[in-house]
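Here is model-v6.pdb, consisting of PDB, C-alpha atoms:
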MODEL        1
ATOM      1  CA  MET A   1      -0.354  -0.222 -14.090
ATOM      2  CA  LYS A   2       1.679   1.659 -11.501
ATOM      3  CA  LYS A   3       4.406  -0.239  -9.646
ATOM      4  CA  VAL A   4       4.907   0.771  -6.020
ATOM      5  CA  GLY A   5       7.771  -0.422  -3.873
ATOM      6  CA  VAL A   6       6.686  -1.357  -0.345
ATOM      7  CA  VAL A   7       9.723  -1.501   1.915
ATOM      8  CA  LEU A   8       9.375  -4.012   4.756
ATOM      9  CA  SER A   9      11.605  -4.299   7.811
ATOM     10  CA  GLY A  10      10.750  -7.786   9.050
ATOM     11  CA  CYS A  11       7.501  -9.179  10.440
ATOM     12  CA  GLY A  12       6.048  -7.963  13.721
ATOM     13  CA  VAL A  13       5.605  -4.553  15.309
ATOM     14  CA  GLN A  14       8.278  -4.890  18.004
ATOM     15  CA  ASP A  15      11.174  -5.969  15.792
ATOM     16  CA  GLY A  16       9.978  -5.667  12.183
ATOM     17  CA  SER A  17       7.187  -4.237  10.053
ATOM     18  CA  GLU A  18       3.867  -3.386  11.692
ATOM     19  CA  ILE A  19       1.783  -6.119  10.090
ATOM     20  CA  HIS A  20      -1.542  -4.251  10.027
ATOM     21  CA  GLU A  21       0.099  -1.237   8.374
ATOM     22  CA  ALA A  22       1.895  -3.396   5.814
ATOM     23  CA  VAL A  23      -1.192  -5.429   4.897
ATOM     24  CA  ILE A  24      -3.483  -2.387   4.692
ATOM     25  CA  THR A  25      -0.935  -0.737   2.400
ATOM     26  CA  LEU A  26      -0.838  -3.802   0.147
ATOM     27  CA  LEU A  27      -4.638  -4.050   0.135
ATOM     28  CA  ALA A  28      -5.105  -0.365  -0.710
ATOM     29  CA  LEU A  29      -2.611  -0.603  -3.565
ATOM     30  CA  ASP A  30      -4.304  -3.703  -4.964
ATOM     31  CA  ARG A  31      -7.767  -2.136  -4.757
ATOM     32  CA  ALA A  32      -6.431   0.906  -6.626
ATOM     33  CA  GLY A  33      -5.119  -1.295  -9.433
ATOM     34  CA  ALA A  34      -1.437  -0.799  -8.603
ATOM     35  CA  THR A  35       1.209  -3.503  -8.376
ATOM     36  CA  ALA A  36       3.040  -3.746  -5.053
ATOM     37  CA  VAL A  37       6.706  -4.696  -5.214
ATOM     38  CA  CYS A  38       7.759  -5.801  -1.741
ATOM     39  CA  LEU A  39      11.352  -5.008  -0.817
ATOM     40  CA  ALA A  40      13.525  -5.621   2.245
ATOM     41  CA  PRO A  41      17.231  -5.653   3.095
ATOM     42  CA  ASN A  42      18.986  -9.015   3.332
ATOM     43  CA  VAL A  43      20.396  -8.453   6.830
ATOM     44  CA  ASP A  44      19.895  -9.880  10.290
ATOM     45  CA  GLN A  45      17.416  -8.139  12.580
ATOM     46  CA  ALA A  46      18.884  -6.009  15.358
ATOM     47  CA  HIS A  47      17.238  -8.466  17.754
ATOM     48  CA  VAL A  48      14.170 -10.684  18.044
ATOM     49  CA  ILE A  49      11.242  -9.945  20.366
ATOM     50  CA  ASN A  50       8.772 -12.528  21.646
ATOM     51  CA  HIS A  51       5.531 -10.725  20.805
ATOM     52  CA  LEU A  52       3.602 -12.705  23.422
ATOM     53  CA  THR A  53       5.798 -11.667  26.348
ATOM     54  CA  GLY A  54       7.538  -8.558  24.980
ATOM     55  CA  GLN A  55      10.894 -10.041  25.954
ATOM     56  CA  GLN A  56      13.992 -10.254  23.785
ATOM     57  CA  THR A  57      15.009 -13.779  22.767
ATOM     58  CA  ARG A  58      18.329 -15.329  21.790
ATOM     59  CA  GLU A  59      17.166 -16.057  18.247
ATOM     60  CA  THR A  60      18.649 -14.587  15.080
ATOM     61  CA  ARG A  61      16.273 -13.761  12.242
ATOM     62  CA  ASN A  62      16.828 -12.316   8.785
ATOM     63  CA  VAL A  63      14.850  -9.229   7.729
ATOM     64  CA  LEU A  64      14.317 -10.407   4.141
ATOM     65  CA  VAL A  65      13.209 -13.875   5.258
ATOM     66  CA  GLU A  66      10.814 -12.461   7.855
ATOM     67  CA  ALA A  67       9.417  -9.918   5.363
ATOM     68  CA  ALA A  68       8.601 -12.842   3.075
ATOM     69  CA  ARG A  69       5.962 -13.904   5.625
ATOM     70  CA  ILE A  70       3.974 -10.740   4.910
ATOM     71  CA  ALA A  71       4.716 -10.777   1.180
ATOM     72  CA  ARG A  72       3.697 -14.443   0.794
ATOM     73  CA  GLY A  73       7.206 -15.139  -0.463
ATOM     74  CA  HIS A  74       7.212 -12.412  -3.095
ATOM     75  CA  VAL A  75       9.878 -10.066  -1.775
ATOM     76  CA  THR A  76      13.051  -8.744  -3.369
ATOM     77  CA  ASP A  77      16.349  -7.737  -1.794
ATOM     78  CA  ILE A  78      16.275  -3.939  -1.773
ATOM     79  CA  GLN A  79      19.836  -3.968  -3.093
ATOM     80  CA  ARG A  80      18.357  -4.966  -6.461
ATOM     81  CA  ALA A  81      15.707  -2.214  -6.506
ATOM     82  CA  HIS A  82      16.072   0.971  -8.544
ATOM     83  CA  ALA A  83      13.872   4.017  -9.012
ATOM     84  CA  ALA A  84      13.792   3.420 -12.766
ATOM     85  CA  ASP A  85      11.677   0.314 -12.132
ATOM     86  CA  LEU A  86       9.186   1.947  -9.747
ATOM     87  CA  ASP A  87       6.554   4.685  -9.883
ATOM     88  CA  ALA A  88       6.406   5.270  -6.118
ATOM     89  CA  LEU A  89       7.688   3.982  -2.789
ATOM     90  CA  ILE A  90       5.940   3.424   0.572
ATOM     91  CA  PHE A  91       7.370   2.565   3.997
ATOM     92  CA  PRO A  92       5.008   0.925   6.523
ATOM     93  CA  GLY A  93       6.013   1.488  10.139
ATOM     94  CA  GLY A  94       6.893  -0.813  13.008
ATOM     95  CA  PHE A  95       9.992  -0.816  15.207
ATOM     96  CA  GLY A  96      11.870  -2.622  12.442
ATOM     97  CA  VAL A  97      12.087   0.736  10.678
ATOM     98  CA  ALA A  98      13.954   2.139  13.672
ATOM     99  CA  LYS A  99      15.955  -1.031  14.380
ATOM    100  CA  ASN A 100      16.635  -2.725  11.029
ATOM    101  CA  LEU A 101      16.268  -0.028   8.354
ATOM    102  CA  SER A 102      17.983   2.478  10.630
ATOM    103  CA  THR A 103      19.482   2.775  14.099
ATOM    104  CA  PHE A 104      16.996   5.418  15.289
ATOM    105  CA  ALA A 105      15.722   3.205  18.147
ATOM    106  CA  PHE A 106      19.232   2.989  19.561
ATOM    107  CA  LYS A 107      20.934   6.247  18.570
ATOM    108  CA  GLY A 108      18.110   8.737  18.059
ATOM    109  CA  VAL A 109      19.148  11.823  16.085
ATOM    110  CA  ASP A 110      22.642  10.369  15.625
ATOM    111  CA  CYS A 111      21.220   7.377  13.753
ATOM    112  CA  THR A 112      22.283   6.027  10.402
ATOM    113  CA  VAL A 113      20.038   4.557   7.682
ATOM    114  CA  HIS A 114      20.669   1.340   5.745
ATOM    115  CA  GLY A 115      22.694   2.181   2.640
ATOM    116  CA  ASP A 116      20.282   0.804   0.054
ATOM    117  CA  VAL A 117      17.289   2.424   1.758
ATOM    118  CA  THR A 118      19.112   5.752   1.520
ATOM    119  CA  ARG A 119      20.142   5.136  -2.073
ATOM    120  CA  LEU A 120      16.668   4.156  -3.253
ATOM    121  CA  CYS A 121      14.979   7.093  -1.501
ATOM    122  CA  LYS A 122      17.446   9.520  -3.052
ATOM    123  CA  GLU A 123      16.969   7.959  -6.495
ATOM    124  CA  MET A 124      13.195   8.316  -6.172
ATOM    125  CA  HIS A 125      13.476  11.936  -5.049
ATOM    126  CA  GLN A 126      15.888  12.804  -7.856
ATOM    127  CA  ASP A 127      13.477  11.277 -10.382
ATOM    128  CA  GLY A 128      10.538  13.246  -8.949
ATOM    129  CA  LYS A 129       8.716  10.115  -7.795
ATOM    130  CA  PRO A 130       6.588  10.128  -4.623
ATOM    131  CA  ILE A 131       7.454   8.438  -1.339
ATOM    132  CA  GLY A 132       5.045   7.651   1.500
ATOM    133  CA  PHE A 133       6.114   7.212   5.129
ATOM    134  CA  LEU A 134       3.867   5.658   7.798
ATOM    135  CA  CYS A 135       4.067   5.628  11.592
ATOM    136  CA  ILE A 136       7.728   5.946  12.718
ATOM    137  CA  ALA A 137       9.067   5.819   9.133
ATOM    138  CA  PRO A 138       9.205   9.646   8.674
ATOM    139  CA  THR A 139      12.347   9.498  10.842
ATOM    140  CA  LEU A 140      14.018   7.847   7.835
ATOM    141  CA  ALA A 141      13.069  10.769   5.612
ATOM    142  CA  ALA A 142      14.365  13.323   8.100
ATOM    143  CA  ARG A 143      17.706  11.525   8.407
ATOM    144  CA  ILE A 144      18.118  10.857   4.667
ATOM    145  CA  PHE A 145      17.089  14.268   3.366
ATOM    146  CA  GLY A 146      17.622  16.549   6.365
ATOM    147  CA  GLY A 147      20.942  17.860   5.124
ATOM    148  CA  GLU A 148      19.559  18.663   1.684
ATOM    149  CA  VAL A 149      15.900  19.694   1.994
ATOM    150  CA  GLN A 150      13.522  20.347   4.894
ATOM    151  CA  LEU A 151      10.552  18.043   4.416
ATOM    152  CA  ASP A 152       7.112  18.468   6.001
ATOM    153  CA  LEU A 153       6.622  15.212   7.934
ATOM    154  CA  THR A 154       4.364  13.819  10.647
ATOM    155  CA  VAL A 155       4.321  11.124  13.293
ATOM    156  CA  GLY A 156       1.069  12.546  14.664
ATOM    157  CA  SER A 157       1.757  14.394  17.892
ATOM    158  CA  ASP A 158       4.503  12.431  19.683
ATOM    159  CA  PRO A 159       6.670  15.229  21.143
ATOM    160  CA  GLU A 160       9.891  13.229  21.459
ATOM    161  CA  VAL A 161       9.905  11.847  17.924
ATOM    162  CA  ALA A 162       8.655  15.178  16.521
ATOM    163  CA  ALA A 163      11.589  16.941  18.189
ATOM    164  CA  ALA A 164      13.998  14.374  16.733
ATOM    165  CA  ILE A 165      12.590  14.897  13.231
ATOM    166  CA  ASN A 166      13.088  18.648  13.582
ATOM    167  CA  LYS A 167      16.616  18.206  14.905
ATOM    168  CA  MET A 168      17.534  15.933  11.988
ATOM    169  CA  GLY A 169      16.437  18.605   9.523
ATOM    170  CA  GLY A 170      12.769  17.850   8.897
ATOM    171  CA  ARG A 171       9.777  20.005   9.802
ATOM    172  CA  HIS A 172       7.285  18.108  11.955
ATOM    173  CA  VAL A 173       3.606  18.903  11.378
ATOM    174  CA  THR A 174       1.054  17.771  13.980
ATOM    175  CA  CYS A 175      -1.550  15.556  12.344
ATOM    176  CA  ALA A 176      -4.718  13.730  13.381
ATOM    177  CA  THR A 177      -4.697   9.922  13.379
ATOM    178  CA  GLY A 178      -6.650   9.385  10.173
ATOM    179  CA  ASP A 179      -5.111  12.215   8.175
ATOM    180  CA  ILE A 180      -1.986  12.815   6.094
ATOM    181  CA  VAL A 181       0.659  15.496   5.690
ATOM    182  CA  VAL A 182       1.646  16.261   2.121
ATOM    183  CA  ASP A 183       4.903  17.911   1.095
ATOM    184  CA  ALA A 184       3.768  18.625  -2.449
ATOM    185  CA  ALA A 185       7.006  20.237  -3.591
ATOM    186  CA  ASN A 186       9.045  17.157  -2.708
ATOM    187  CA  LYS A 187       6.328  14.546  -3.333
ATOM    188  CA  VAL A 188       6.519  13.146   0.194
ATOM    189  CA  VAL A 189       3.409  12.001   2.094
ATOM    190  CA  SER A 190       3.257  10.840   5.713
ATOM    191  CA  SER A 191       0.597   9.624   8.142
ATOM    192  CA  PRO A 192       0.717   8.701  11.855
ATOM    193  CA  ALA A 193      -0.972   5.270  11.632
ATOM    194  CA  TYR A 194      -0.198   3.370  14.858
ATOM    195  CA  MET A 195       1.829   6.221  16.318
ATOM    196  CA  CYS A 196      -1.635   7.508  17.280
ATOM    197  CA  ALA A 197      -4.252   4.984  16.174
ATOM    198  CA  LYS A 198      -6.249   3.160  18.825
ATOM    199  CA  SER A 199      -7.668   0.590  16.388
ATOM    200  CA  VAL A 200      -6.934  -1.001  13.032
ATOM    201  CA  SER A 201      -9.772   0.977  11.420
ATOM    202  CA  GLU A 202      -8.288   4.264  12.630
ATOM    203  CA  ALA A 203      -4.904   3.292  11.220
ATOM    204  CA  ALA A 204      -6.491   2.210   7.943
ATOM    205  CA  THR A 205      -8.152   5.587   7.353
ATOM    206  CA  GLY A 206      -4.835   7.427   7.187
ATOM    207  CA  ILE A 207      -3.026   4.645   5.344
ATOM    208  CA  GLU A 208      -5.668   4.548   2.618
ATOM    209  CA  LYS A 209      -5.475   8.330   2.229
ATOM    210  CA  LEU A 210      -1.701   8.121   1.962
ATOM    211  CA  VAL A 211      -1.814   5.389  -0.683
ATOM    212  CA  ALA A 212      -4.368   7.350  -2.713
ATOM    213  CA  LYS A 213      -2.261  10.529  -2.566
ATOM    214  CA  VAL A 214       0.972   8.731  -3.458
ATOM    215  CA  LEU A 215      -0.713   7.121  -6.482
ATOM    216  CA  GLU A 216      -2.163  10.471  -7.512
ATOM    217  CA  MET A 217       1.340  11.979  -7.434
ATOM    218  CA  ALA A 218       2.924   9.063  -9.301
TER
ENDMDL
END
Written as structure tokens, how would this file's structure read?
Amino acid sequence: MKKVGVVLSGCGVQDGSEIHEAVITLLALDRAGATAVCLAPNVDQAHVINHLTGQQTRETRNVLVEAARIARGHVTDIQRAHAADLDALIFPGGFGVAKNLSTFAFKGVDCTVHGDVTRLCKEMHQDGKPIGFLCIAPTLAARIFGGEVQLDLTVGSDPEVAAAINKMGGRHVTCATGDIVVDAANKVVSSPAYMCAKSVSEAATGIEKLVAKVLEMA
């Protein structure tokens, strides 16, 4: 049975993982007979957003604790994760990717990526194991690998984020909502999901294709 790391960035689209994307990923993995290993960094969120009003609150929340809501408590600190224990890795989107796993939301092309996220991605790549990136998550790949290899990546057709990916060293490929972009040489797969999707079913089409391709490559 293949073990796939699913890296979460909290719980909620505005300040953590996009919940639909995370759950569809977990469902697709389970239906394919793979074991999902949920991972998240044990750090405070950049900030907390009231998802009813869209306003920032004065709360402090922990990314690992919030990710446990999606994972039903079964989530591991990413610091303890290693490529040797996984067959593949997938990153659901959500602003938490750009706020908690990296600083892309605040610094754009000058962003940094969480140290253990960088380490694990590089370990997976060095071992020839596939990585999937959904929604805004391809910005992580561009930042992590841009100085070493130019990856084919997609966030759909968003011109601003596409330009940032190119500037960080990736190669953005325009992609329809329910489709995927495959960098076969580097075993990297990406899909726009809610960067473009107008409904959960539209997002699911691309996510399911991505999961299937990542498992095929594993």
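CA of Glu148 (chain A) sits 12.8 Å away from CA of Cys121 (chain A).
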Q: Just say which residues the PyMOL selection byres ((chain A and resi 28) around 12) picks in this file, as a ChimeraX atom specification.
A: /A:4,6,20-27,29-36,90,204-215
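Interatomic distance, CA of Thr154 (chain A) to CA of Ala193 (chain A): 10.1 Å.
For the atom pair formed by CA of Thr139 (chain A) and CA of Val7 (chain A), the distance is 14.4 Å, given to one decimal.
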Evaluating the PyMOL selection byres ((chain A and resi 102-119) around 7) on the displayed file yields which residues, as a compact mmCIF listing (two decimals) with C-alpha atoms, keeping the file's coordinate frame?
# COMPACT_ATOMS: atom_id res chain seq x y z
CA ILE A 78 16.27 -3.94 -1.77
CA GLN A 79 19.84 -3.97 -3.09
CA VAL A 97 12.09 0.74 10.68
CA ALA A 98 13.95 2.14 13.67
CA LYS A 99 15.96 -1.03 14.38
CA ASN A 100 16.64 -2.72 11.03
CA LEU A 101 16.27 -0.03 8.35
CA LEU A 120 16.67 4.16 -3.25
CA CYS A 121 14.98 7.09 -1.50
CA LYS A 122 17.45 9.52 -3.05
CA GLU A 123 16.97 7.96 -6.50
CA LEU A 140 14.02 7.85 7.84
CA ILE A 144 18.12 10.86 4.67
CA ALA A 164 14.00 14.37 16.73
CA LYS A 167 16.62 18.21 14.90
CA MET A 168 17.53 15.93 11.99
Q | Residue contacts of Gly10 (chain A) (10 Å, only C-alpha atoms) excluding same-chain residues fewer than 3 positions away, as an NGL selection string | A | :A and (7 or 13-19 or 40-41 or 43-45 or 61-70 or 94-97 or 100-101)
File dump, residues just selected, C-alpha atoms, as a PDB file, in the frame of the given file:
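What follows is the written file selection33.pdb:
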ATOM      1  CA  VAL A   7       9.723  -1.501   1.915  1.00  0.00           C
ATOM      2  CA  VAL A  13       5.605  -4.553  15.309  1.00  0.00           C
ATOM      3  CA  GLN A  14       8.278  -4.890  18.004  1.00  0.00           C
ATOM      4  CA  ASP A  15      11.174  -5.969  15.792  1.00  0.00           C
ATOM      5  CA  GLY A  16       9.978  -5.667  12.183  1.00  0.00           C
ATOM      6  CA  SER A  17       7.187  -4.237  10.053  1.00  0.00           C
ATOM      7  CA  GLU A  18       3.867  -3.386  11.692  1.00  0.00           C
ATOM      8  CA  ILE A  19       1.783  -6.119  10.090  1.00  0.00           C
ATOM      9  CA  ALA A  40      13.525  -5.621   2.245  1.00  0.00           C
ATOM     10  CA  PRO A  41      17.231  -5.653   3.095  1.00  0.00           C
ATOM     11  CA  VAL A  43      20.396  -8.453   6.830  1.00  0.00           C
ATOM     12  CA  ASP A  44      19.895  -9.880  10.290  1.00  0.00           C
ATOM     13  CA  GLN A  45      17.416  -8.139  12.580  1.00  0.00           C
ATOM     14  CA  ARG A  61      16.273 -13.761  12.242  1.00  0.00           C
ATOM     15  CA  ASN A  62      16.828 -12.316   8.785  1.00  0.00           C
ATOM     16  CA  VAL A  63      14.850  -9.229   7.729  1.00  0.00           C
ATOM     17  CA  LEU A  64      14.317 -10.407   4.141  1.00  0.00           C
ATOM     18  CA  VAL A  65      13.209 -13.875   5.258  1.00  0.00           C
ATOM     19  CA  GLU A  66      10.814 -12.461   7.855  1.00  0.00           C
ATOM     20  CA  ALA A  67       9.417  -9.918   5.363  1.00  0.00           C
ATOM     21  CA  ALA A  68       8.601 -12.842   3.075  1.00  0.00           C
ATOM     22  CA  ARG A  69       5.962 -13.904   5.625  1.00  0.00           C
ATOM     23  CA  ILE A  70       3.974 -10.740   4.910  1.00  0.00           C
ATOM     24  CA  GLY A  94       6.893  -0.813  13.008  1.00  0.00           C
ATOM     25  CA  PHE A  95       9.992  -0.816  15.207  1.00  0.00           C
ATOM     26  CA  GLY A  96      11.870  -2.622  12.442  1.00  0.00           C
ATOM     27  CA  VAL A  97      12.087   0.736  10.678  1.00  0.00           C
ATOM     28  CA  ASN A 100      16.635  -2.725  11.029  1.00  0.00           C
ATOM     29  CA  LEU A 101      16.268  -0.028   8.354  1.00  0.00           C
TER      30      LEU A 101
END
Q: Determine the residue membership of the PyMOL selection byres ((chain A and resi 156-163) around 8) for the file above and supply it as number ranges by chain.
A: A: 139, 154-155, 164-167, 172-177, 191-192, 195-196
Could you please take those selected residues and save C-alpha atoms as a tab-separated table (two decimals), in the coordinates of the input?
chain	number	residue	atom	x	y	z
A	139	THR	CA	12.35	9.50	10.84
A	154	THR	CA	4.36	13.82	10.65
A	155	VAL	CA	4.32	11.12	13.29
A	164	ALA	CA	14.00	14.37	16.73
A	165	ILE	CA	12.59	14.90	13.23
A	166	ASN	CA	13.09	18.65	13.58
A	167	LYS	CA	16.62	18.21	14.90
A	172	HIS	CA	7.28	18.11	11.96
A	173	VAL	CA	3.61	18.90	11.38
A	174	THR	CA	1.05	17.77	13.98
A	175	CYS	CA	-1.55	15.56	12.34
A	176	ALA	CA	-4.72	13.73	13.38
A	177	THR	CA	-4.70	9.92	13.38
A	191	SER	CA	0.60	9.62	8.14
A	192	PRO	CA	0.72	8.70	11.86
A	195	MET	CA	1.83	6.22	16.32
A	196	CYS	CA	-1.64	7.51	17.28
Q. Which is closest to Gly169 (chain A) among A:Asp127, A:Glu59, A:Glu216, A:Asp152, if we use all atoms listed in the file?
A. A:Asp152
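Taking only C-alpha atoms into account, Leu134 (chain A) lies nearest to A:Ala203 out of the set A:Ala71, A:Ala81, A:Ala203, A:Ala88.
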Q) So which one's closest to Ser201 (chain A), A:Pro130, A:Gly93, A:Gly146, A:Gly178? Using only C-alpha atoms, please. A) A:Gly178
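With distances taken over all atoms listed in the file, A:Phe91 is the one residue among A:Phe91, A:His51, A:Ser199, A:His74 lying closest to Ser9 (chain A).
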Q. Which is closest to Ala197 (chain A) among A:Ile180, A:Leu151, A:Cys135, A:Val37, if we use all atoms listed in the file?
A. A:Cys135
